[in-house]
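Asks: Please see the structure below; I have some questions.
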Amino acid sequence: MKIDVLTIFPNMVKGPLNESIVGKAIESDQLQINVTDFRDYSTNKHGNVDDSPYGGGAGMLLTPQPIFDAMDHVKKNNDGKLGRVILVDPAGKQFDQHMAEDFAREEQLTFICGHYEGYDERIKTLVTDEVSLGDFVITGGELAALTMIDATVRLLPGILGNSESAPGDSYSSGLLEYPQYTRPADFRGMKVPDILLSGNHQKIDQWRRHEALKKTLIRRPDLLEEFDLTAEDRKMLDEIKINLHHKHGLQ
């Protein structure tokens, strides 16, 4: 996979990309990342990449010229290709695990990281996807782009070292992940559930499914609305709801 990142703060991007899972992917030649400072392409004598909006208003907007010229450079360096072009924008579609899986199937991604109050609308003619990290506003798009890149790259084949790790993650299955434990079995009086020590894998799988449903019901019940529940899932959920009502003294 090839990933290009356009930003005016390249050092915010370069350091983290050499660490952890993303760094591992780069070292193994499964990933190539190029960071372009689009300020280098400004024709303004002061190197400015922003200007005040027509019609008035607070703040400054990124101007189209530096980004268009930087994109021409990126396209030339990639044999005329840009792949999916992702504009990191608070007004975009919210990023989620399904989008990460979609991006992971691509051969090439290009991220445009904004700053200031927003973009000149004409910049959006360059993009295929406008994506937001969530319903909040941060100073610039770099941290959001890094998060999206990390979530995407870890899904590439062989990156995690365990083919079962990614599909079992929270959100990949559609449910939140069940509780997990490791040694010691008893830590400061807090014991690992007996079922996990039993060696009965069928029972362990049932327990994990039960706990995943329980956690999802309590923390993210909205996920259950779109999840394809089996008859056994529905039975478990009914039992969980009854137990929760009794636990909290509800009728």
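To be explicit about the labels: the chains of the structure tokens are called A, B, and onward in the order shown, and within each one the residues are counted from 1, while ligands get numbers from 1 in the order they are shown.
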Which of segment 29-225 of chain A end up as helix (DSSP H, G or I) when DSSP is run on this backbone - answer as a PyMOL selection string?

Replies: chain A and resi 38-41+64-77+97-104+121-126+142-153+194-197+201-219+221-225

Asks: Assign secondary structure with DSSP using the backbone only, and return the residues of segment 68-185 of chain A in strand (DSSP E) as a PyMOL selection string.

Replies: chain A and resi 84-94+108-113+118-119+129-132

Asks: Write out, as a compact mmCIF listing (two decimals), in the first residue's frame, the residues just selected, with N, CA and C atoms.

Replies:
```txt
# COMPACT_ATOMS: atom_id res chain seq x y z
N ARG A 84 -7.59 6.69 -3.55
CA ARG A 84 -8.64 7.38 -2.78
C ARG A 84 -8.02 8.63 -2.16
N VAL A 85 -8.67 9.75 -2.33
CA VAL A 85 -8.18 11.02 -1.77
C VAL A 85 -9.12 11.43 -0.64
N ILE A 86 -8.57 11.44 0.58
CA ILE A 86 -9.37 11.65 1.78
C ILE A 86 -9.12 13.04 2.35
N LEU A 87 -10.14 13.84 2.37
CA LEU A 87 -10.07 15.17 2.98
C LEU A 87 -10.50 15.02 4.44
N VAL A 88 -9.60 15.33 5.35
CA VAL A 88 -9.92 15.23 6.78
C VAL A 88 -10.69 16.48 7.16
N ASP A 89 -11.99 16.32 7.44
CA ASP A 89 -12.89 17.46 7.60
C ASP A 89 -13.93 17.14 8.66
N PRO A 90 -14.12 18.02 9.68
CA PRO A 90 -15.13 17.76 10.72
C PRO A 90 -16.54 17.58 10.17
N ALA A 91 -16.78 18.09 8.95
CA ALA A 91 -18.11 17.96 8.36
C ALA A 91 -18.27 16.70 7.52
N GLY A 92 -17.22 15.88 7.46
CA GLY A 92 -17.26 14.68 6.64
C GLY A 92 -17.99 13.53 7.30
N LYS A 93 -18.05 12.42 6.58
CA LYS A 93 -18.65 11.20 7.11
C LYS A 93 -17.78 10.67 8.25
N GLN A 94 -18.41 10.21 9.31
CA GLN A 94 -17.64 9.78 10.48
C GLN A 94 -16.90 8.48 10.21
N GLN A 108 -3.73 2.50 -2.78
CA GLN A 108 -3.17 3.83 -2.59
C GLN A 108 -4.19 4.74 -1.92
N LEU A 109 -3.72 5.52 -0.95
CA LEU A 109 -4.55 6.49 -0.25
C LEU A 109 -3.79 7.81 -0.18
N THR A 110 -4.51 8.91 -0.30
CA THR A 110 -3.93 10.24 -0.14
C THR A 110 -4.77 11.02 0.86
N PHE A 111 -4.12 11.52 1.93
CA PHE A 111 -4.81 12.29 2.95
C PHE A 111 -4.44 13.77 2.83
N ILE A 112 -5.43 14.64 2.89
CA ILE A 112 -5.20 16.08 2.92
C ILE A 112 -5.58 16.58 4.31
N CYS A 113 -4.62 17.14 5.02
CA CYS A 113 -4.84 17.61 6.39
C CYS A 113 -5.02 19.12 6.41
N GLY A 118 -11.09 26.17 7.75
CA GLY A 118 -11.62 25.23 6.78
C GLY A 118 -10.92 25.35 5.44
N TYR A 119 -11.60 24.86 4.40
CA TYR A 119 -11.03 24.80 3.06
C TYR A 119 -11.81 25.69 2.09
N ASP A 129 -13.31 11.27 -0.77
CA ASP A 129 -13.95 11.03 0.52
C ASP A 129 -13.68 12.21 1.45
N GLU A 130 -14.73 12.71 2.08
CA GLU A 130 -14.58 13.70 3.15
C GLU A 130 -14.88 12.96 4.45
N VAL A 131 -13.90 12.92 5.36
CA VAL A 131 -14.01 12.05 6.53
C VAL A 131 -13.70 12.82 7.81
N SER A 132 -14.50 12.56 8.83
CA SER A 132 -14.33 13.15 10.15
C SER A 132 -13.99 12.06 11.14
```

Asks: For Leu143 of chain A, which of A:Met60, A:Ala25, A:Ile240, A:Val13 is the closest residue, counting only C-alpha atoms?

Replies: A:Val13

Asks: For segment 53-56 of chain A, find every residue with an atom within 10 Å (counting only C-alpha atoms), except residues of its own chain fewer than 2 positions away, and show them as a list in words.

Replies: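 After dropping sequence-adjacent residues, the list is Asp50, Asp51, Ala58, Gly59, Met60, Leu61, Leu62, Thr63, Glu117, Gly118, Tyr119 and Asp120 of chain A.
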
Asks: Got a sec: who's within 9 Å of Ala70 of chain A, counting only C-alpha atoms, leaving out chain neighbours fewer than 4 positions off, as a PyMOL selection string?

Replies: chain A and resi 6+36-42+65-66+74-75

Asks: If we count only C-alpha atoms, what is near Leu213 of chain A at a cut-off of 12 Å, once residues fewer than 2 positions away on the same chain are taken out, given as a ChimeraX atom specification?

Replies: /A:170,173-179,206-211,215-224,227,229-230,232-241

Asks: Between A:Glu107, A:Ala231, A:Met12, A:Thr182, which has the minimum distance to Leu196 of chain A (counting only C-alpha atoms)?

Replies: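 Closest to Leu196 of chain A of all the choices is A:Thr182.
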
Asks: What gap, in Å, lies between atom CA of Asp96 of chain A and atom CA of Gly114 of chain A?

Replies: 20.0 Å

Asks: Can you work out the spacing between atom CA of Pro157 of chain A and atom CA of Gly83 of chain A in Å, to one decimal?

Replies: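 Between atom CA of Pro157 of chain A and atom CA of Gly83 of chain A the gap is 19.4 Å.
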
Asks: Do you have the atom CA of Pro16 of chain A-atom CA of Ala151 of chain A distance handy?

Replies: 13.4 Å
